[in-house]
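Next comes run-v9.txt, with compact mmCIF, N, CA, C and O atoms and all ligand atoms.
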# COMPACT_ATOMS: atom_id res chain seq x y z
N MET A 10 14.05 -12.57 -3.93
CA MET A 10 13.16 -11.92 -2.98
C MET A 10 11.89 -11.48 -3.68
O MET A 10 11.92 -11.07 -4.83
N SER A 11 10.84 -11.62 -2.98
CA SER A 11 9.56 -11.22 -3.55
C SER A 11 8.74 -10.55 -2.46
O SER A 11 8.78 -10.96 -1.31
N TYR A 12 8.03 -9.58 -2.88
CA TYR A 12 7.23 -8.83 -1.93
C TYR A 12 5.77 -8.95 -2.29
O TYR A 12 5.40 -9.06 -3.46
N ARG A 13 5.00 -8.92 -1.26
CA ARG A 13 3.57 -9.07 -1.46
C ARG A 13 2.87 -7.86 -0.88
O ARG A 13 3.24 -7.39 0.20
N ILE A 14 1.89 -7.40 -1.57
CA ILE A 14 1.10 -6.28 -1.08
C ILE A 14 -0.31 -6.76 -0.85
O ILE A 14 -0.94 -7.33 -1.73
N GLU A 15 -0.75 -6.54 0.37
CA GLU A 15 -2.08 -7.01 0.73
C GLU A 15 -2.95 -5.82 1.12
O GLU A 15 -2.46 -4.81 1.58
N ARG A 16 -4.22 -6.04 0.93
CA ARG A 16 -5.18 -5.07 1.41
C ARG A 16 -6.10 -5.77 2.39
O ARG A 16 -7.00 -6.49 1.97
N PRO A 17 -5.86 -5.58 3.66
CA PRO A 17 -6.72 -6.24 4.63
C PRO A 17 -8.16 -5.77 4.48
O PRO A 17 -8.40 -4.57 4.36
N PRO A 18 -9.07 -6.68 4.46
CA PRO A 18 -10.47 -6.31 4.21
C PRO A 18 -11.06 -5.43 5.30
O PRO A 18 -11.93 -4.63 5.03
N GLY A 19 -10.58 -5.58 6.51
CA GLY A 19 -11.17 -4.81 7.60
C GLY A 19 -10.72 -3.36 7.61
O GLY A 19 -11.44 -2.49 8.03
N GLU A 20 -9.52 -3.14 7.13
CA GLU A 20 -8.98 -1.79 7.19
C GLU A 20 -9.55 -0.93 6.07
O GLU A 20 -9.92 -1.43 5.02
N GLU A 21 -9.52 0.34 6.31
CA GLU A 21 -10.00 1.25 5.27
C GLU A 21 -8.84 1.67 4.40
O GLU A 21 -8.11 2.58 4.70
N ARG A 22 -8.66 0.92 3.33
CA ARG A 22 -7.66 1.23 2.34
C ARG A 22 -6.23 1.20 2.87
O ARG A 22 -5.33 1.75 2.26
N GLY A 23 -6.04 0.62 4.02
CA GLY A 23 -4.68 0.44 4.48
C GLY A 23 -4.05 -0.71 3.72
O GLY A 23 -4.75 -1.57 3.19
N ILE A 24 -2.74 -0.72 3.66
CA ILE A 24 -2.10 -1.82 2.97
C ILE A 24 -1.02 -2.42 3.85
O ILE A 24 -0.50 -1.79 4.77
N VAL A 25 -0.71 -3.66 3.57
CA VAL A 25 0.37 -4.36 4.25
C VAL A 25 1.37 -4.80 3.19
O VAL A 25 1.00 -5.42 2.19
N ILE A 26 2.61 -4.44 3.40
CA ILE A 26 3.67 -4.89 2.51
C ILE A 26 4.48 -5.94 3.27
O ILE A 26 4.88 -5.72 4.41
N ALA A 27 4.66 -7.07 2.64
CA ALA A 27 5.33 -8.17 3.31
C ALA A 27 6.42 -8.74 2.41
O ALA A 27 6.24 -8.86 1.20
N CYS A 28 7.55 -9.10 3.02
CA CYS A 28 8.59 -9.82 2.32
C CYS A 28 8.33 -11.30 2.52
O CYS A 28 8.31 -11.79 3.66
N GLU A 29 8.10 -11.99 1.44
CA GLU A 29 7.73 -13.39 1.57
C GLU A 29 8.90 -14.26 2.01
O GLU A 29 8.73 -15.30 2.61
N ASP A 30 10.09 -13.84 1.69
CA ASP A 30 11.26 -14.65 2.04
C ASP A 30 11.55 -14.63 3.54
O ASP A 30 11.95 -15.64 4.11
N HIS A 31 11.36 -13.48 4.14
CA HIS A 31 11.77 -13.34 5.54
C HIS A 31 10.62 -13.08 6.49
O HIS A 31 10.82 -12.92 7.68
N ASP A 32 9.44 -13.02 5.94
CA ASP A 32 8.25 -12.86 6.76
C ASP A 32 8.27 -11.56 7.57
O ASP A 32 7.80 -11.50 8.68
N HIS A 33 8.87 -10.55 6.97
CA HIS A 33 8.76 -9.22 7.57
C HIS A 33 7.53 -8.56 6.96
O HIS A 33 7.31 -8.65 5.76
N ARG A 34 6.79 -7.91 7.79
CA ARG A 34 5.62 -7.23 7.26
C ARG A 34 5.40 -5.93 8.01
O ARG A 34 5.75 -5.78 9.17
N ARG A 35 4.83 -5.01 7.29
CA ARG A 35 4.55 -3.73 7.90
C ARG A 35 3.25 -3.18 7.35
O ARG A 35 2.96 -3.33 6.17
N GLU A 36 2.52 -2.57 8.22
CA GLU A 36 1.23 -2.04 7.83
C GLU A 36 1.32 -0.53 7.68
O GLU A 36 1.98 0.14 8.47
N PHE A 37 0.66 -0.02 6.68
CA PHE A 37 0.70 1.40 6.41
C PHE A 37 -0.71 1.97 6.45
O PHE A 37 -1.67 1.32 6.06
N ARG A 38 -0.74 3.19 6.90
CA ARG A 38 -2.03 3.88 6.98
C ARG A 38 -2.47 4.31 5.59
O ARG A 38 -1.63 4.63 4.75
N PRO A 39 -3.75 4.34 5.38
CA PRO A 39 -4.23 4.74 4.04
C PRO A 39 -3.96 6.20 3.73
O PRO A 39 -4.02 6.59 2.57
N ALA A 40 -3.67 7.01 4.74
CA ALA A 40 -3.46 8.44 4.47
C ALA A 40 -2.14 8.69 3.75
O ALA A 40 -1.95 9.72 3.12
N GLU A 41 -1.21 7.74 3.84
CA GLU A 41 0.09 7.95 3.24
C GLU A 41 0.02 7.72 1.74
O GLU A 41 -0.47 6.69 1.29
N LYS A 42 0.54 8.66 1.01
CA LYS A 42 0.49 8.55 -0.45
C LYS A 42 1.61 7.66 -0.98
O LYS A 42 1.45 6.97 -1.97
N ARG A 43 2.71 7.72 -0.31
CA ARG A 43 3.86 6.99 -0.80
C ARG A 43 4.56 6.38 0.41
O ARG A 43 4.89 7.09 1.36
N VAL A 44 4.74 5.11 0.39
CA VAL A 44 5.29 4.44 1.55
C VAL A 44 6.56 3.69 1.15
O VAL A 44 6.74 3.32 0.00
N ALA A 45 7.42 3.51 2.13
CA ALA A 45 8.66 2.80 1.89
C ALA A 45 8.76 1.65 2.89
O ALA A 45 8.59 1.83 4.09
N PHE A 46 9.01 0.49 2.36
CA PHE A 46 9.15 -0.69 3.20
C PHE A 46 10.58 -1.19 3.09
O PHE A 46 11.10 -1.35 1.99
N PHE A 47 11.17 -1.41 4.23
CA PHE A 47 12.56 -1.86 4.23
C PHE A 47 12.65 -3.21 4.92
O PHE A 47 12.21 -3.38 6.05
N CYS A 48 13.19 -4.17 4.20
CA CYS A 48 13.44 -5.47 4.81
C CYS A 48 14.91 -5.55 5.17
O CYS A 48 15.77 -5.51 4.29
N PRO A 49 15.21 -5.64 6.46
CA PRO A 49 16.63 -5.65 6.87
C PRO A 49 17.38 -6.89 6.40
O PRO A 49 18.59 -6.85 6.22
N ASP A 50 16.67 -7.97 6.21
CA ASP A 50 17.33 -9.20 5.78
C ASP A 50 17.67 -9.14 4.29
O ASP A 50 18.70 -9.66 3.86
N CYS A 51 16.81 -8.54 3.51
CA CYS A 51 17.12 -8.36 2.09
C CYS A 51 18.09 -7.20 1.90
O CYS A 51 18.88 -7.20 0.97
N GLY A 52 17.99 -6.21 2.78
CA GLY A 52 18.78 -5.00 2.60
C GLY A 52 18.25 -4.17 1.45
O GLY A 52 18.97 -3.42 0.82
N VAL A 53 16.98 -4.31 1.20
CA VAL A 53 16.37 -3.63 0.07
C VAL A 53 15.16 -2.85 0.56
O VAL A 53 14.40 -3.33 1.40
N GLU A 54 15.04 -1.67 0.02
CA GLU A 54 13.88 -0.86 0.33
C GLU A 54 13.00 -0.76 -0.90
O GLU A 54 13.48 -0.48 -1.99
N VAL A 55 11.75 -1.02 -0.71
CA VAL A 55 10.81 -0.90 -1.82
C VAL A 55 9.88 0.27 -1.54
O VAL A 55 9.45 0.47 -0.41
N GLU A 56 9.60 0.99 -2.58
CA GLU A 56 8.73 2.14 -2.44
C GLU A 56 7.46 1.87 -3.22
O GLU A 56 7.50 1.42 -4.36
N VAL A 57 6.36 2.14 -2.57
CA VAL A 57 5.07 1.89 -3.19
C VAL A 57 4.25 3.16 -3.14
O VAL A 57 4.16 3.82 -2.10
N ALA A 58 3.70 3.50 -4.27
CA ALA A 58 2.84 4.66 -4.33
C ALA A 58 1.39 4.21 -4.26
O ALA A 58 0.97 3.32 -5.00
N LEU A 59 0.66 4.79 -3.35
CA LEU A 59 -0.74 4.44 -3.20
C LEU A 59 -1.58 5.43 -3.98
O LEU A 59 -1.40 6.63 -3.88
N ARG A 60 -2.46 4.87 -4.74
CA ARG A 60 -3.34 5.73 -5.51
C ARG A 60 -4.75 5.56 -5.00
O ARG A 60 -5.28 4.46 -4.97
N GLU A 61 -5.29 6.66 -4.58
CA GLU A 61 -6.66 6.59 -4.06
C GLU A 61 -7.64 6.55 -5.21
O GLU A 61 -7.50 7.25 -6.20
N ASP A 62 -8.60 5.75 -5.02
CA ASP A 62 -9.67 5.72 -6.01
C ASP A 62 -10.55 6.94 -5.82
O ASP A 62 -11.16 7.12 -4.78
N ASP A 63 -10.51 7.76 -6.81
CA ASP A 63 -11.26 9.01 -6.70
C ASP A 63 -12.50 8.92 -7.57
O ASP A 63 -12.49 9.30 -8.74
N TRP A 64 -13.53 8.40 -7.00
CA TRP A 64 -14.77 8.24 -7.76
C TRP A 64 -15.67 9.43 -7.49
O TRP A 64 -16.19 9.59 -6.41
N ARG A 65 -15.79 10.24 -8.49
CA ARG A 65 -16.69 11.36 -8.35
C ARG A 65 -17.74 11.29 -9.45
O ARG A 65 -17.40 11.20 -10.62
N PRO A 66 -18.96 11.31 -9.06
CA PRO A 66 -19.99 11.28 -10.09
C PRO A 66 -19.95 12.55 -10.92
O PRO A 66 -19.78 13.65 -10.41
N LEU A 67 -20.08 12.38 -12.19
CA LEU A 67 -20.09 13.53 -13.08
C LEU A 67 -21.37 14.32 -12.84
O LEU A 67 -22.46 13.79 -12.88
N SER A 68 -21.16 15.58 -12.62
CA SER A 68 -22.35 16.41 -12.39
C SER A 68 -23.08 16.65 -13.70
O SER A 68 -22.47 16.92 -14.73
N GLU A 69 -24.35 16.55 -13.61
CA GLU A 69 -25.14 16.72 -14.84
C GLU A 69 -25.41 18.19 -15.07
O GLU A 69 -25.61 18.97 -14.14
N ARG A 70 -25.39 18.52 -16.33
CA ARG A 70 -25.67 19.90 -16.67
C ARG A 70 -27.09 20.03 -17.24
O ARG A 70 -27.52 19.20 -18.01
N CYS A 71 -27.74 21.07 -16.86
CA CYS A 71 -29.08 21.30 -17.39
C CYS A 71 -29.00 21.88 -18.80
O CYS A 71 -28.25 22.82 -18.99
ZN ZN A 101 13.43 -9.95 2.96

What does the file become when written as structure tokens?
Ligand SMILES: [Zn+2]
Amino acid sequence: MSYRIERPPGEERGIVIACEDHDHRREFRPAEKRVAFFCPDCGVEVEVALREDDWRPLSERC
């Protein structure tokens, strides 16, 4: 079994986790930090932690 994680270009940081063997897929909202995808055919649950890109410009000091 193999799982694929996609980032649809249209969505804002949402992800799709798909089981390639059984073509089960589920979409997750970007607000969720940690998501769990369960494929009933595999009987396996995979947990994925989403890490937000936190780009903050360094403030300049005078
Ligand atoms: Zn599966």

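A distance search around ligand ZN 101 (chain A) (5 Å at most, all atoms listed in the file) returns the following protein and nucleic acid residues: A:Cys28, A:His31, A:Cys48, A:Asp50, A:Cys51.
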
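Note that CA of Arg38 in chain A and CA of Ile26 in chain A are 11.4 Å apart.
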
query: So how many Å separate atom C of Pro39 in chain A and atom O of Tyr12 in chain A, to one decimal?
result: 19.3 Å

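Using only C-alpha atoms, the nearest neighbour of Phe47 in chain A within the list A:Glu15, A:Met10, A:Arg22, A:Arg35 is A:Arg35.
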
message: DSSP on the backbone: which residues in chain A end up as strand (DSSP E)? Give the answer as a count of residues only.
response: 26

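Pairwise distance (CA of Glu29 in chain A, CA of Val55 in chain A) equals 13.3 Å.
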
message: Excluding Ala40 in chain A and its own-chain neighbours fewer than 6 positions away, which residues fall within 10 Å of it when counting only C-alpha atoms? Please give them as a PyMOL selection string.
response: chain A and resi 21-23+59+61

message: Which residues are near Val25 in chain A? Cut-off 7 Å, only N, CA, C and O atoms, ignore same chain within fewer than 3 positions. Put them as a PyMOL selection string.
response: chain A and resi 13-17+34-37

Close residues, Lys42 in chain A itself excluded, 7 Å, all atoms listed in the file, min 6 positions apart in chain, as number ranges by chain: A: 57-60

Please write out, as lines of an AutoDock Vina configuration file, where the centre of an axis-aligned box around all listed atoms of range 24-38 of chain A lies and how long its edges are, in Å to one decimal, after adding 4 Å on each side.
center_x = 4.6
center_y = -5.5
center_z = 5.2
size_x = 22.7
size_y = 28.3
size_z = 16.0
